[in-house]
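A quick write-up on the structure given underneath.
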Amino acid sequence: MNLSAAFGPVTAAMTRKLHIHVRPEHNELVTTEQTQKEYAMSSAFAGIRVLELGQIYNGPYCGLLLAQLGADVVKIEPPNGEMLRFRSHQVTESHEFLMLNSNKRSVVLDLKSSEGHENMLELIRTADVLIENYAPGTMDRLELNFEKLRELNPRLIVASGKGYGSTGPYAHMSAMDITVQAMSGSISSTGTPDGPPTKSGLAFVDFSGGVHLFAAIAAALYQREHTGKGQIVEVSMHDTIYPMLASGLGGLHNSPDRKIPERTGNRHSGLAIAPYNVYPSSDGWIALICMAERHWHGVIASMGQPELGVDPRFVTEADRVENMDEVDEMVAAWTATLPRDVLIAELQAAGVPCAPVKSLEEVDTDEHLIARGMIRYVEHPMKGRTPVPGCALQLSDSPLNKLDVAPPLGNATDEILDELRKSRAAYLA
């Protein structure tokens, strides 16, 4: 259905006059006054409509955070679905897609067709936020540049997640998590001194970009309360990684005469702390760090060697750093004799920061994440009970909405286009 052809454009003024919003859990139209009463002390972004042109991890995670905090997130997908949806090559959605798309509604639009493009413009007129993390130049090719969007809806916040941003020498480059890890210094910093540069096992660049984009949207929504105007907010994934290099850059700048390898394995990136490493246990591994003298004394007390506290090789942190190999050898020789859980119990009782090195299988059923609601479960029609992320953003007066399974492809296309038709008809009446 081409709504513009049938009814003329649905403008932002119409939706403001009608105060029409969507309550995601019931898919009902309600007034702003009703919404405010029902969502008071409940949903931080109730009444906010987000159009998500997101793909893979960056944009969808930003949209997920907004959806979990009450926004009506409308996921715009091409006819074959967002590329992550069927990455598993199975008849149902990939687990990654299910993890990142709870509480959204899916609308299928072919933005390259005239009808799909016109319906997209109608949706833009009703939206508060548009998220996109396309490759550079894609929005222009789709005739959805900011000038056009601002003309359609002056209150719209356009949130752009890019690999390198829209300015600077790298702006033209397409980007994925691994390529930005390479450009940012992450890969060169990861691995052992005598080994090759190694990417992180986590897609932390994509998710860092998504979290920063969420923060920028929240800031822009707050500013709009004062100005009444939308704006572009942009996050370069590459930009977000530089502050994370603090330890390594500290090693580079704090002691310019001291040659530090670019890769330090599991040791501190700036080689400024010892002990700081991953050590073997008799049945696994533990991570241990001594940030203060009391931590070191806790370690040697647990080892049964308190006399090491007055050994001139280990008296101060600087001494221990100077003799880092000996420190690691001593600690490893002790930890290797005991089970992981015994080590953790003894060290924690002594006040030493430590943790077991958990496997993915262990993390998948982590009791702490479950207790905090960070691992939650939804019922998928084909997969059954499926673990998905809860929300890491916890607001005391904004309890999270019930978590729904990620939407089937195009599940809300007719519903949302019908909402636009009803908005237009109600306005004309």
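Chain labels follow the order of the structure tokens: the first chain is A, the next B, and so on; residue numbering restarts at 1 in every chain, and ligands are counted from 1 in their shown order.
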
Closest contacts (stretch 335-412 of chain A/stretch 68-89 of chain A, max 10 Å, only C-alpha atoms) as a Markdown table:
| residue | atom | partner | partner_atom | distance |
| --- | --- | --- | --- | --- |
| A:Gly390 | CA | A:Gln68 | CA | 8.0 |
| A:Cys391 | CA | A:Gln68 | CA | 6.6 |
| A:Ala392 | CA | A:Gln68 | CA | 9.9 |
| A:Leu393 | CA | A:Leu69 | CA | 8.6 |
| A:Gln394 | CA | A:Leu69 | CA | 9.2 |
| A:Leu395 | CA | A:Leu69 | CA | 9.1 |
| A:Ser398 | CA | A:Leu69 | CA | 7.5 |
| A:Pro399 | CA | A:Leu69 | CA | 8.1 |
| A:Leu400 | CA | A:Leu69 | CA | 6.0 |
| A:Asn401 | CA | A:Gln68 | CA | 6.3 |
| A:Lys402 | CA | A:Gln68 | CA | 8.4 |
| A:Leu403 | CA | A:Gln68 | CA | 7.5 |
| A:Asp404 | CA | A:Gln68 | CA | 9.7 |
| A:Ala406 | CA | A:Arg85 | CA | 9.8 |
| A:Pro407 | CA | A:Lys75 | CA | 9.1 |
| A:Pro408 | CA | A:Arg85 | CA | 9.4 |
| A:Leu409 | CA | A:Gly81 | CA | 6.3 |
| A:Gly410 | CA | A:Glu77 | CA | 7.6 |
| A:Ala412 | CA | A:Val74 | CA | 8.5 |

What are the closest atom pairs, with distances in Å to one decimal, for each residue of stretch 230-342 of chain A lying within 12 Å of stretch 150-153 of chain A, using only C-alpha atoms, rows by chain and rising residue number, as a tab-separated table?
residue	atom	partner	partner_atom	distance
A:Gly230	CA	A:Arg150	CA	7.7
A:Gln231	CA	A:Arg150	CA	8.1
A:Ile232	CA	A:Arg150	CA	9.4

For A:Val235, which residue among A:Ala301, A:Met120, A:Ala371, A:Cys62 is the nearest when counting only C-alpha atoms?
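Nearest candidate to A:Val235 out of A:Ala301, A:Met120, A:Ala371, A:Cys62: A:Cys62.
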
So the first atom is atom CA of A:Gly384 and the second is atom CA of A:Thr365; what is the distance between them in Å, to one decimal place?
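Separating atom CA of A:Gly384 from atom CA of A:Thr365 is a distance of 16.3 Å.
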
Counting only C-alpha atoms, give me one row per residue of stretch 237-356 of chain A with an atom at most 9 Å from an atom of stretch 178-181 of chain A, showing the shortest contact pair and its distance in Å to one decimal, sorted by chain then residue number, as JSON lines.
{"residue": "A:Met237", "atom": "CA", "partner": "A:Val180", "partner_atom": "CA", "distance": 7.2}
{"residue": "A:His238", "atom": "CA", "partner": "A:Val180", "partner_atom": "CA", "distance": 5.9}
{"residue": "A:Ile241", "atom": "CA", "partner": "A:Gln181", "partner_atom": "CA", "distance": 8.2}

What is the distance between atom CA of A:Met183 and atom CA of A:Phe207, in Å to one decimal?
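Computed distance, atom CA of A:Met183 to atom CA of A:Phe207, equals 16.5 Å.
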